[in-house]
Amino acid sequence: MRLPPFECASPASLEEAINLLGQAAGQARVLAGGTDLLPAMKRRGIAAGLLVNIKGIAGLKQVSAREDGSTAIGAAVSVNEVTGLTAWPALAQAASRVAAWTLRHMGTVGGNLLVDNRCWYYNRSGEWWRGKEQCFKRGGERCYVFPSGRQCRAAASSDLVPALVAIGARVEVQSASGSRLLAVKDLYRADGAAPHTLEPGEILTHILLPPCPAGTGSAFIKLARRQTLDFALVNVAAVISLAEDGRTCREASAAVSGSVVAPTPLPVKQLEGREITTWLLDEVAGEAVKAMGFVTYAGAMDVPAGYRRQVAGVLLRRSLEQAWERARNA
Amino acid sequence: MGEQQAIGRSLPRLDGPAKARGEAVYAGDLNLPGMLCGKILTSYLPHARIRRIDTSAAVRVPGMKAAVTGQDTLGLGCGPTRFREKSLDFLPLARDKVRYIGDAVAAVAAVDEDAASAALEQIKVEWEELPAVFTPEEAMQPGAPLVHENMPGNISRRIVLEGGDIEAGFRQAYHIREDIFNTSSDSHVPLEPHTCVAKYDPPGYFTLWTSTQVPYMVKSDLARLLGVPENQVRVILPFVGGGFGGKSDGVFSLDLCAALLAQKTGRPVRIAYSREEEFICTRRRHPMQIYLKTGVNRQGEITARQARVIADGGAYSGWGHASIYLAGLFLCLPYRYGAYHYEGLRVYTNNPVSSAMRGHCAPQVQFAGDVQLDMLAEDLGIDPVEIRLRNALEDGEVTAAGFKIGTCGLKECIRKAAERSGWYTRRASLPPGRGVGIGCAGFPSGQGFRLRPDIPAYTTAVTRVNEDGSVTLLCGAADTGQGSDTVMVQIAAQELGVRPQDIRYVRADSDITPADLGNYSSRETVFAGNAVKEAAARVKEKLLAFIADEWQVPEESLEIAGGEITCASAPDKRISFAQAARGWQEKHQGKPLVGEGTYDPPDKKFYEAYSFGAQVAEVEVDKETGQVKVVNVVSAHDAGRVINPMAVEGQLEGSVHMGLGFALSEEMVVRQGRVLNPALVDYAIPVAADMPEVECVHLEVEDPAGPFGAKECGEGTVGPTAPAIANALYQATGRRFLNLPITPFQIVKGGDGQ
């Protein structure tokens, strides 16, 4: 498989990059690590006349502390670099489970947040699709995985996102008309064909991590078929903050990706104000996974949806337990 | 063993440095002047008649040089098992109809890949879609659409094997079990997808560099398909990045298409399969449904075993006519049966083509056989190790299918594997979620029956001593990554008494090296090794006769070792191998000092030597998620005399990797004839991090059939891994798993029985 012809620009500044994107009127894509975008272009899943390479923009390759106490991770920081950020163990854990070392070296944080949704049909090449009606995600009017479905159910596959959602991270987005901040979960919509809410001309520039409050623990668990390389069947992250008594839950959050069309926060607020026990975590986890909503298996069609939901409950309970333990030791 | 020994040493691979540095030339690295890029248009329908193919728009694409379709061929079918006319059903370029999604219908050659792709898109095919069949059950229904019109009932081959009185065997049984097992559709996944370069020289000479296990079969088949005498086709074996049986079918579509396109354009043409094509358009392991009924006496000895195997053959025969026979033969390894009855049905479907894959049907049937033996042991209250010892074949036995076993170290393998894994010490006290299981297998070394009457030799070799005393070894054996080149050099060095580094190995080139049937059926070490040993011995004889004459000593008193000829009866006399060779040549008017070797197996029905192995796997199961971690595998293997321990360990570890995927994760998911996961990211072949610790135990039982006592290695060892894991999972979960792969979902669901 070969890449289709395209132009490539490597601006040295963010302003220049934004200009280029603005002028291209939706025909351009941001290129960072390229580990997801370029294969998709080879498969003719994504078409772009212009790629704007942001790896030459110094400001996007740094991790820095901001005045409000948050940590700003540039979008072009490599995933491997994030494995070394220790403030939020869930995030470091998640980063260490992305693909494999070489891909983490190439791949970036911004790229991982905007990684395309996956589906065994959509993932195939143009040759494989020859003679077949296109699916929603390839611009057609049907879904092969869920034939009665009215929209694309490709799976949200970022490993970092559940951790960032649970942490309460935000992203900074810039365009010609200025910059805006949004919660990580608001980057996504439940449509596998157009899973991201970024507008044409916008660049995701930074991920902002809040400071980790005292008495807080976080954890991430990925379930995949193989120890490395695979996209997740289910990813779950959880954060627990304890009150000063060390027993009562002050704040709790969790999120899931993998078998859902958009990364989804999981409701674990029932923990707040209560004394945590393993029994309670089990109960809350069991209830919370119902909020996953529609469970998709488009990304690995040999693993049924029922199993994924069941396992998501297990992973949530375990990640809450691990976060709780870390909170007690924090 | 002394420094002068060339065998029994972990000699680093001859091709190692070049491969590590990226200098080894594979077919895809060849760049010939004016070379074009070829690409193949494949069918997207599982079953259809081709009404018309219109290439007129394609030829107008800039950079496009030529297109070929089935109309440019002689319309002949081919296949690796030339001994059965009916099996020659594969048309590398379809003519009248296509039988699976992936059948080649046209090919183009263009100046680059982009132009070739653009041209392919312009080829218009008018189809008449036909009803298709996707499972053996559907295919065998009365009135089902026929994949091949001349094959009624879609039965590709039915075979029955009998040994002893099966009814009496079951009457003698104290206990009988019947179970049904299913195995999956596995892919070979060589690192290097099939790739070839074809060159045409007028008036009619073809040269093909192709990534194959069977260069001489390719030569013979390609000549026949092109309608030219065999001496007009030259096949050269480049470095090959893995085969595992998937490159042993002889001519694939790319070989014929590249040759035709090279002829049409007068320019060299390269065709390289993409990973997607590699999954879809080549071959796969036969998925099987295995009904197995076994009777045992009170001691757990098998009095009768009856099997009915239904294999999804896919659209063509491939090796299938042998495969369905071999499944029946291999089920009789490595145990003794009082009586045996086997019925095998290979069924055509409109699915991807099934053929040989490492173990060639042994892993499927031995999985069923060994898991059921575990169940029988439990029914009778016998330890799984003990029941295997009671049924294990021994030296000199004849199996229920008729194999005459020479040496057999199975019992010792079982004992060693049990001992090393702590079977008797740790097994009973493992924590919940942990389990240990055992599996056993046996496998032949190279087949004796004539699969290819068109190729007169089984395997041959020539040694030539050069003017400087160095040795050139010409051998048609196909090293596809397993390391046989190194082993051949070690064997020749040992026989000649020279250092391995003094031997230059010339890889298969049909114009230069003598004929060899290829690398399949675990042939190389025993068959090619014997031929190489003989070729070296012939040179040695000539040299020793010459020196004996010069020194006036008896020939028997002479010895070559460490590159030097010495005499037991005259200790003061010594001459270097090089000087002796020079002397011989001077005496013979510069005549080349050559030795020829061949191997003609005495047993023309079956095989010569059989390897045996036992593996014990320890697993850890996460019962809530069903995730399995295989903690370690002890692999005890009787591969005869080990020529190169490091290479054998590579084979053992590699076979555990393949067995692990077969057991737990690998499956090409095929729906309505379409492969849904033809990519390394979606087909879950285990990664390095999934690999358990593997402890290798060599049992060196010298077999008289092999060179220096060697037997096959690395193919049979795929067999024990899956049953060992499944049996370990039983201890860990209390559930039996009869269907492969055993995915986390299957484990959470609770398996297939108590």
# chains A, B, ... in the order shown; residues from 1 in each chain; ligands from 1
$ residues_around --residues "range 60-76 of chain A" --least-positions-apart "3" --cutoff "6 Å" --atoms "only C-alpha atoms" --output "MDAnalysis selection string"
chainID A and resid 55 57 108:110 205:211
$ select_by_dssp --residues "range 211-327 of chain A" --states "strand (DSSP E)" --output "PyMOL selection string"
chain A and resi 216-223+234-242+249-257+264-266
$ residues_around --residues "Glu524 in chain B" --least-positions-apart "5" --cutoff "10 Å" --atoms "only C-alpha atoms" --output "PyMOL selection string"
chain B and resi 445-446+459+476-479+482-485+487-488+516-519+529-531+711-713
$ write_last_selection --atoms "N, CA and C atoms" --output "compact mmCIF listing (two decimals), in the first residue's frame"
# COMPACT_ATOMS: atom_id res chain seq x y z
N SER B 445 10.36 -37.21 9.77
CA SER B 445 11.40 -36.41 9.12
C SER B 445 11.42 -36.73 7.63
N GLY B 446 10.74 -35.93 6.85
CA GLY B 446 10.81 -36.10 5.40
C GLY B 446 10.02 -37.28 4.89
N THR B 459 16.47 -35.51 -2.93
CA THR B 459 17.36 -34.43 -2.53
C THR B 459 18.77 -34.83 -2.90
N GLY B 476 20.46 -28.00 -3.10
CA GLY B 476 19.18 -27.39 -3.47
C GLY B 476 18.23 -27.19 -2.31
N ALA B 477 18.65 -27.56 -1.10
CA ALA B 477 17.77 -27.38 0.06
C ALA B 477 17.40 -25.92 0.23
N ALA B 478 16.22 -25.68 0.73
CA ALA B 478 15.75 -24.30 0.82
C ALA B 478 15.73 -23.84 2.28
N ASP B 479 16.70 -23.02 2.61
CA ASP B 479 16.70 -22.42 3.94
C ASP B 479 15.79 -21.20 3.88
N GLN B 482 15.06 -21.12 8.77
CA GLN B 482 15.19 -22.08 9.88
C GLN B 482 16.65 -22.41 10.17
N GLY B 483 17.54 -22.13 9.21
CA GLY B 483 18.96 -22.32 9.48
C GLY B 483 19.56 -23.56 8.86
N SER B 484 18.91 -24.13 7.85
CA SER B 484 19.44 -25.37 7.28
C SER B 484 20.77 -25.15 6.55
N ASP B 485 21.01 -23.96 5.99
CA ASP B 485 22.29 -23.71 5.33
C ASP B 485 23.44 -24.00 6.30
N VAL B 487 23.38 -25.80 9.02
CA VAL B 487 23.42 -27.22 9.38
C VAL B 487 24.08 -28.05 8.27
N MET B 488 23.79 -27.71 7.01
CA MET B 488 24.40 -28.45 5.89
C MET B 488 25.92 -28.26 5.91
N ASP B 516 16.28 -30.74 -5.60
CA ASP B 516 15.84 -31.01 -4.24
C ASP B 516 14.34 -30.74 -4.22
N LEU B 517 13.60 -31.57 -3.51
CA LEU B 517 12.14 -31.36 -3.51
C LEU B 517 11.72 -30.15 -2.69
N GLY B 518 12.60 -29.70 -1.83
CA GLY B 518 12.26 -28.48 -1.11
C GLY B 518 12.15 -28.67 0.38
N ASN B 519 11.78 -27.57 1.00
CA ASN B 519 11.73 -27.49 2.44
C ASN B 519 10.28 -27.61 2.88
N GLY B 529 20.53 -33.42 4.54
CA GLY B 529 21.71 -33.69 5.36
C GLY B 529 22.40 -34.99 4.96
N ASN B 530 21.61 -36.01 4.71
CA ASN B 530 22.20 -37.28 4.25
C ASN B 530 22.86 -37.12 2.88
N ALA B 531 22.22 -36.36 1.99
CA ALA B 531 22.78 -36.15 0.66
C ALA B 531 24.10 -35.39 0.76
N LYS B 711 17.51 -36.14 13.63
CA LYS B 711 16.13 -36.25 13.16
C LYS B 711 15.56 -34.85 12.96
N GLU B 712 14.29 -34.81 12.58
CA GLU B 712 13.66 -33.51 12.36
C GLU B 712 13.52 -32.77 13.67
N CYS B 713 13.33 -31.48 13.56
CA CYS B 713 13.18 -30.67 14.75
C CYS B 713 12.37 -29.43 14.43
$ residues_around --residues "Trp551 in chain B" --least-positions-apart "2" --cutoff "12 Å" --atoms "only C-alpha atoms" --output "ChimeraX atom specification"
/B:544-549,553-555,557-558,565-567,569-575,580
$ write_last_selection --atoms "C-alpha atoms" --output "PDB file, in the first residue's frame"
ATOM      1  CA  LEU B 544      42.113 -40.696   1.151  1.00  0.00           C
ATOM      2  CA  ALA B 545      42.622 -43.166  -1.652  1.00  0.00           C
ATOM      3  CA  PHE B 546      45.061 -40.745  -3.234  1.00  0.00           C
ATOM      4  CA  ILE B 547      47.004 -40.177  -0.015  1.00  0.00           C
ATOM      5  CA  ALA B 548      47.014 -43.854   0.890  1.00  0.00           C
ATOM      6  CA  ASP B 549      48.590 -44.486  -2.467  1.00  0.00           C
ATOM      7  CA  VAL B 553      49.565 -46.968   3.798  1.00  0.00           C
ATOM      8  CA  PRO B 554      46.167 -48.631   4.141  1.00  0.00           C
ATOM      9  CA  GLU B 555      43.270 -46.238   3.560  1.00  0.00           C
ATOM     10  CA  SER B 557      44.558 -45.911   8.759  1.00  0.00           C
ATOM     11  CA  LEU B 558      43.944 -42.388   7.473  1.00  0.00           C
ATOM     12  CA  ILE B 565      45.149 -35.788   7.078  1.00  0.00           C
ATOM     13  CA  THR B 566      47.002 -38.021   9.495  1.00  0.00           C
ATOM     14  CA  CYS B 567      47.840 -41.667   9.582  1.00  0.00           C
ATOM     15  CA  SER B 569      50.119 -46.257  11.468  1.00  0.00           C
ATOM     16  CA  ALA B 570      52.619 -43.534  10.500  1.00  0.00           C
ATOM     17  CA  PRO B 571      52.370 -40.737  13.063  1.00  0.00           C
ATOM     18  CA  ASP B 572      55.098 -38.649  11.432  1.00  0.00           C
ATOM     19  CA  LYS B 573      53.117 -38.257   8.214  1.00  0.00           C
ATOM     20  CA  ARG B 574      50.653 -35.433   7.905  1.00  0.00           C
ATOM     21  CA  ILE B 575      49.370 -33.263   5.083  1.00  0.00           C
ATOM     22  CA  ALA B 580      46.163 -33.100  -0.487  1.00  0.00           C
TER      23      ALA B 580
END
$ select_by_dssp --residues "range 62-263 of chain A" --states "helix (DSSP H, G or I)" --output "PyMOL selection string"
chain A and resi 79-82+89-96+101-106+109-113+126-129+136-138+160-167+184-187
$ interface_residues --of "chain B" --to "chain A" --cutoff "10 Å" --atoms "only C-alpha atoms" --output "number ranges by chain"
B: 41-45, 101-102, 113-114, 117, 120-121, 273-277, 280, 624-629, 664-665, 667-669, 674-691, 743-746, 748-749
$ residues_around --residues "range 148-152 of chain A" --least-positions-apart "3" --cutoff "6 Å" --atoms "only C-alpha atoms" --output "MDAnalysis selection string"
chainID A and resid 136 191:193
$ residues_around --residues "Leu326 in chain B" --least-positions-apart "5" --cutoff "12 Å" --atoms "only C-alpha atoms" --output "NGL selection string"
:B and (159-161 or 286 or 309 or 319-321 or 331-333 or 342-346 or 355-356 or 359-366 or 401 or 403 or 443-444 or 447 or 521 or 606-607)
$ write_last_selection --atoms "C-alpha atoms" --output "short mmCIF file (atom, residue, chain, number, x, y, z; two decimals), in the first residue's frame"
data_model
loop_
_atom_site.label_atom_id
_atom_site.label_comp_id
_atom_site.auth_asym_id
_atom_site.auth_seq_id
_atom_site.Cartn_x
_atom_site.Cartn_y
_atom_site.Cartn_z
CA ILE B 159 -10.01 -40.97 2.93
CA VAL B 160 -10.42 -43.90 5.29
CA LEU B 161 -7.61 -45.48 7.27
CA HIS B 286 -7.00 -26.28 7.65
CA VAL B 309 -12.33 -35.22 10.62
CA TRP B 319 -1.56 -29.67 -0.26
CA GLY B 320 -5.04 -30.76 0.81
CA HIS B 321 -5.03 -34.20 -0.77
CA LEU B 331 -3.27 -38.82 14.86
CA CYS B 332 -1.48 -42.15 15.46
CA LEU B 333 1.53 -40.32 16.82
CA TYR B 342 -10.14 -42.76 10.60
CA GLU B 343 -12.38 -41.06 8.14
CA GLY B 344 -11.21 -37.74 6.76
CA LEU B 345 -13.25 -35.44 4.59
CA ARG B 346 -11.72 -32.43 2.98
CA SER B 355 -2.97 -26.10 2.83
CA ALA B 356 0.17 -27.08 4.71
CA GLY B 359 2.98 -29.55 11.60
CA HIS B 360 0.76 -30.16 8.57
CA CYS B 361 -2.47 -31.18 10.34
CA ALA B 362 -0.68 -32.78 13.28
CA PRO B 363 -1.33 -29.82 15.60
CA GLN B 364 -5.08 -30.03 14.98
CA VAL B 365 -5.52 -33.77 15.52
CA GLN B 366 -2.89 -34.05 18.23
CA ALA B 401 -1.45 -46.21 10.73
CA PHE B 403 4.57 -45.97 10.63
CA PHE B 443 6.49 -36.09 13.77
CA PRO B 444 8.23 -37.62 10.78
CA GLN B 447 8.36 -38.14 3.39
CA SER B 521 7.64 -32.15 5.74
CA PHE B 606 5.97 -43.48 4.85
CA TYR B 607 8.98 -42.03 6.59
#
$ residues_around --residues "Glu126 in chain B" --least-positions-apart "4" --cutoff "12 Å" --atoms "only C-alpha atoms" --output "short mmCIF file (atom, residue, chain, number, x, y, z; two decimals) with N, CA and C atoms, in the first residue's frame"
data_model
loop_
_atom_site.label_atom_id
_atom_site.label_comp_id
_atom_site.auth_asym_id
_atom_site.auth_seq_id
_atom_site.Cartn_x
_atom_site.Cartn_y
_atom_site.Cartn_z
N GLY A 131 -15.38 -3.15 -4.92
CA GLY A 131 -16.63 -3.84 -5.22
C GLY A 131 -17.63 -3.85 -4.09
N SER B 43 -10.32 -11.20 -7.03
CA SER B 43 -11.77 -11.23 -7.02
C SER B 43 -12.30 -10.69 -5.70
N LEU B 45 -15.56 -11.17 -5.19
CA LEU B 45 -16.72 -12.03 -5.01
C LEU B 45 -16.24 -13.44 -4.63
N ALA B 48 -17.98 -16.65 -8.62
CA ALA B 48 -18.58 -15.94 -9.76
C ALA B 48 -17.95 -16.42 -11.05
N ARG B 49 -18.75 -16.35 -12.10
CA ARG B 49 -18.23 -16.63 -13.42
C ARG B 49 -17.69 -15.32 -14.01
N ILE B 50 -16.58 -15.43 -14.69
CA ILE B 50 -16.02 -14.24 -15.34
C ILE B 50 -16.60 -14.18 -16.74
N ARG B 51 -17.41 -13.16 -17.02
CA ARG B 51 -17.98 -13.06 -18.36
C ARG B 51 -16.99 -12.39 -19.31
N ARG B 52 -16.38 -11.31 -18.81
CA ARG B 52 -15.51 -10.55 -19.69
C ARG B 52 -14.55 -9.72 -18.82
N ILE B 53 -13.33 -9.58 -19.27
CA ILE B 53 -12.40 -8.66 -18.58
C ILE B 53 -11.94 -7.64 -19.60
N ASP B 54 -12.15 -6.39 -19.29
CA ASP B 54 -11.80 -5.32 -20.23
C ASP B 54 -10.62 -4.53 -19.67
N THR B 55 -9.45 -4.67 -20.34
CA THR B 55 -8.27 -3.96 -19.85
C THR B 55 -7.95 -2.74 -20.71
N ASP B 96 -12.19 -18.87 -16.16
CA ASP B 96 -13.64 -18.83 -16.35
C ASP B 96 -14.38 -18.42 -15.10
N LYS B 97 -13.85 -18.83 -13.96
CA LYS B 97 -14.56 -18.43 -12.75
C LYS B 97 -13.62 -18.25 -11.57
N VAL B 105 -7.47 -12.44 -10.95
CA VAL B 105 -8.18 -12.40 -12.23
C VAL B 105 -7.42 -11.64 -13.32
#
$ closest_residue --among "A:Cys135, A:Ala243, A:Ala238, A:Leu164" --to "Pro213 in chain A" --atoms "only C-alpha atoms"
A:Ala243
$ closest_residue --among "B:Ala705, B:Ala24, B:Leu191, B:Ala581" --to "Thr525 in chain B" --atoms "only C-alpha atoms"
B:Ala705
$ closest_residue --among "A:Ile203, A:Val260, A:Pro89, A:Ser241" --to "Ala156 in chain A" --atoms "only C-alpha atoms"
A:Val260
